[in-house]
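Take a look at the structure set out below.
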Amino acid sequence: MTSFQEEVYKVVRKIPKGRIMSYKSVAKKAGRPLSWRAVGNILNRHQEPGLPCHRVIRSNGKIGGYRRGVRKKTLLLKKEGIIIKNDRVCS
DNA sequence: CTAATGACCATTA
DNA sequence: ATAATGGCCATTA
């Protein structure tokens with residue numbers, strides 16, 4: 001476990017249901033404003049159970065990726081009340 | 001140690 | 001509006 005992973009998990013865990021956060025904002029909140037690229041890396045191969053990593057999307061509004069399939073991610077988000085249209089969240 | 005790899009980002013064409 | 005490009009940083013090989 002590296003310290004960066006710890007911080008990222010800590011931040012992602014705090015995202016309330018129905019809310020979303022960009023990879024960049026997560027990095028910033030984790031204390032490393034320039035490490036947003038690595039955040040994607042960590043969320044990609046994380047194995048932490050119950051981590052709501054599906055609430056982290058791109059900063060441009062697109063859904064982004066998901067280890068177990070983007071389908072699953074959009075489904076989960078929809079289930080939490082987030083409207084998604086054409087791989088994009090509605091504002 | 002160095003080099004490659006991404007669930008990315010902002011800018012430019 | 002989309003597509004290509006350069007940069008970014010922790011992790012992994």
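Identifiers for the structure tokens are assigned positionally: chains receive A, B, ... in sequence, residues are indexed from 1 per chain, and ligands are indexed from 1 in the order shown.
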Excluding segment 81-86 of chain A and any residue of its chain fewer than 5 positions from it, enumerate the residues within 9 Å of it, using only C-alpha atoms (C1' of nucleotides), and give them as a ChimeraX atom specification.
-> /A:17-20,62-63,74,76,91
Give as a PyMOL selection string every residue of chain A that touches chain B within 6 Å, counting only C-alpha atoms (C1' of nucleotides).
-> chain A and resi 37+40-41+44+64-66
Contacts between chain A and chain C, please, where a residue of chain C counts if it comes within 8 Å (with only C-alpha atoms (C1' of nucleotides)); show its shortest atom pair and distance in Å to one decimal, rows by chain and ascending number, as a Markdown table.
```
| residue | atom | partner | partner_atom | distance |
| --- | --- | --- | --- | --- |
| C:DC8 | C1' | A:Arg37 | CA | 6.4 |
| C:DC9 | C1' | A:Ser35 | CA | 5.2 |
| C:DA10 | C1' | A:Ala38 | CA | 5.1 |
| C:DT11 | C1' | A:Asn41 | CA | 7.7 |
```
With all heavy atoms kept, could you save the residues just selected as a PDB file, in the first residue's frame?
```
ATOM      1  P    DC C   8       4.620  18.121 -18.378  1.00  0.00           P
ATOM      2  OP1  DC C   8       5.199  19.425 -18.051  1.00  0.00           O
ATOM      3  OP2  DC C   8       5.486  16.968 -18.708  1.00  0.00           O
ATOM      4  O5'  DC C   8       3.700  17.676 -17.150  1.00  0.00           O
ATOM      5  C5'  DC C   8       2.313  17.804 -17.174  1.00  0.00           C
ATOM      6  C4'  DC C   8       1.646  16.626 -16.482  1.00  0.00           C
ATOM      7  O4'  DC C   8       1.236  15.678 -17.467  1.00  0.00           O
ATOM      8  C3'  DC C   8       2.557  15.866 -15.549  1.00  0.00           C
ATOM      9  O3'  DC C   8       2.281  16.241 -14.197  1.00  0.00           O
ATOM     10  C2'  DC C   8       2.186  14.392 -15.738  1.00  0.00           C
ATOM     11  C1'  DC C   8       1.300  14.371 -16.959  1.00  0.00           C
ATOM     12  N1   DC C   8       1.785  13.515 -18.075  1.00  0.00           N
ATOM     13  C2   DC C   8       0.874  12.639 -18.665  1.00  0.00           C
ATOM     14  O2   DC C   8      -0.281  12.594 -18.250  1.00  0.00           O
ATOM     15  N3   DC C   8       1.291  11.868 -19.677  1.00  0.00           N
ATOM     16  C4   DC C   8       2.563  11.945 -20.118  1.00  0.00           C
ATOM     17  N4   DC C   8       2.914  11.168 -21.129  1.00  0.00           N
ATOM     18  C5   DC C   8       3.485  12.846 -19.526  1.00  0.00           C
ATOM     19  C6   DC C   8       3.065  13.602 -18.511  1.00  0.00           C
ATOM     20  P    DC C   9       3.495  16.152 -13.168  1.00  0.00           P
ATOM     21  OP1  DC C   9       3.248  17.186 -12.156  1.00  0.00           O
ATOM     22  OP2  DC C   9       4.795  16.077 -13.861  1.00  0.00           O
ATOM     23  O5'  DC C   9       3.233  14.724 -12.518  1.00  0.00           O
ATOM     24  C5'  DC C   9       2.016  14.456 -11.859  1.00  0.00           C
ATOM     25  C4'  DC C   9       1.942  12.982 -11.523  1.00  0.00           C
ATOM     26  O4'  DC C   9       1.763  12.211 -12.732  1.00  0.00           O
ATOM     27  C3'  DC C   9       3.193  12.427 -10.854  1.00  0.00           C
ATOM     28  O3'  DC C   9       2.819  11.557  -9.821  1.00  0.00           O
ATOM     29  C2'  DC C   9       3.865  11.651 -11.976  1.00  0.00           C
ATOM     30  C1'  DC C   9       2.653  11.120 -12.703  1.00  0.00           C
ATOM     31  N1   DC C   9       2.888  10.700 -14.094  1.00  0.00           N
ATOM     32  C2   DC C   9       2.211   9.579 -14.572  1.00  0.00           C
ATOM     33  O2   DC C   9       1.445   8.968 -13.828  1.00  0.00           O
ATOM     34  N3   DC C   9       2.406   9.197 -15.849  1.00  0.00           N
ATOM     35  C4   DC C   9       3.240   9.892 -16.632  1.00  0.00           C
ATOM     36  N4   DC C   9       3.394   9.483 -17.885  1.00  0.00           N
ATOM     37  C5   DC C   9       3.940  11.035 -16.161  1.00  0.00           C
ATOM     38  C6   DC C   9       3.727  11.402 -14.895  1.00  0.00           C
ATOM     39  P    DA C  10       3.782  11.235  -8.632  1.00  0.00           P
ATOM     40  OP1  DA C  10       3.460  12.140  -7.538  1.00  0.00           O
ATOM     41  OP2  DA C  10       5.169  11.158  -9.162  1.00  0.00           O
ATOM     42  O5'  DA C  10       3.313   9.764  -8.225  1.00  0.00           O
ATOM     43  C5'  DA C  10       1.979   9.589  -7.774  1.00  0.00           C
ATOM     44  C4'  DA C  10       1.505   8.183  -8.086  1.00  0.00           C
ATOM     45  O4'  DA C  10       1.614   7.945  -9.505  1.00  0.00           O
ATOM     46  C3'  DA C  10       2.311   7.084  -7.415  1.00  0.00           C
ATOM     47  O3'  DA C  10       1.424   6.066  -6.988  1.00  0.00           O
ATOM     48  C2'  DA C  10       3.258   6.606  -8.498  1.00  0.00           C
ATOM     49  C1'  DA C  10       2.442   6.828  -9.765  1.00  0.00           C
ATOM     50  N9   DA C  10       3.248   7.155 -10.933  1.00  0.00           N
ATOM     51  C8   DA C  10       4.224   8.109 -11.032  1.00  0.00           C
ATOM     52  N7   DA C  10       4.778   8.178 -12.217  1.00  0.00           N
ATOM     53  C5   DA C  10       4.115   7.215 -12.950  1.00  0.00           C
ATOM     54  C6   DA C  10       4.229   6.781 -14.281  1.00  0.00           C
ATOM     55  N6   DA C  10       5.097   7.302 -15.159  1.00  0.00           N
ATOM     56  N1   DA C  10       3.414   5.800 -14.705  1.00  0.00           N
ATOM     57  C2   DA C  10       2.537   5.274 -13.833  1.00  0.00           C
ATOM     58  N3   DA C  10       2.331   5.590 -12.560  1.00  0.00           N
ATOM     59  C4   DA C  10       3.167   6.578 -12.169  1.00  0.00           C
ATOM     60  P    DT C  11       2.007   4.832  -6.179  1.00  0.00           P
ATOM     61  OP1  DT C  11       0.959   4.410  -5.245  1.00  0.00           O
ATOM     62  OP2  DT C  11       3.361   5.167  -5.692  1.00  0.00           O
ATOM     63  O5'  DT C  11       2.120   3.741  -7.323  1.00  0.00           O
ATOM     64  C5'  DT C  11       0.938   3.378  -8.030  1.00  0.00           C
ATOM     65  C4'  DT C  11       1.262   2.456  -9.185  1.00  0.00           C
ATOM     66  O4'  DT C  11       2.087   3.114 -10.143  1.00  0.00           O
ATOM     67  C3'  DT C  11       1.999   1.166  -8.785  1.00  0.00           C
ATOM     68  O3'  DT C  11       1.230   0.085  -9.229  1.00  0.00           O
ATOM     69  C2'  DT C  11       3.329   1.260  -9.520  1.00  0.00           C
ATOM     70  C1'  DT C  11       2.972   2.169 -10.676  1.00  0.00           C
ATOM     71  N1   DT C  11       4.098   2.920 -11.270  1.00  0.00           N
ATOM     72  C2   DT C  11       4.393   2.751 -12.603  1.00  0.00           C
ATOM     73  O2   DT C  11       3.784   1.983 -13.322  1.00  0.00           O
ATOM     74  N3   DT C  11       5.436   3.510 -13.069  1.00  0.00           N
ATOM     75  C4   DT C  11       6.195   4.412 -12.343  1.00  0.00           C
ATOM     76  O4   DT C  11       7.109   5.034 -12.871  1.00  0.00           O
ATOM     77  C5   DT C  11       5.835   4.539 -10.952  1.00  0.00           C
ATOM     78  C7   DT C  11       6.594   5.486 -10.078  1.00  0.00           C
ATOM     79  C6   DT C  11       4.813   3.801 -10.488  1.00  0.00           C
TER      80       DT C  11
END
```
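Atom CA of Val89 of chain A lies 5.8 Å from atom CA of Gly61 of chain A.
Looking only at chain A, the set that DSSP places in strand (DSSP E or B) from backbone geometry is Met21, Ser22, Val56, Ile57, Lys62, Ile84, Arg88 and Val89 of chain A.
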Please give the complete set of residues from chain A that DSSP, run on the backbone, assigns to helix (DSSP H, G or I), formatted as an NGL selection string.
-> :A and (3-13 or 23-29 or 36-45 or 53-55 or 70-79)
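Atom pair atom C1' of DT2 of chain C / atom CA of Val56 of chain A has a distance of 23.6 Å (rounded to one decimal).
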Write out as a list in words which residues come within 9 Å of Pro52 of chain A when counting only C-alpha atoms (C1' of nucleotides), dropping same-chain ones fewer than 5 positions away.
-> Val12, Arg13, Lys14, Ile15 and Lys17 of chain A
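From atom CA of Val11 of chain A back to atom CA of Gly31 of chain A, the distance works out to 9.9 Å.
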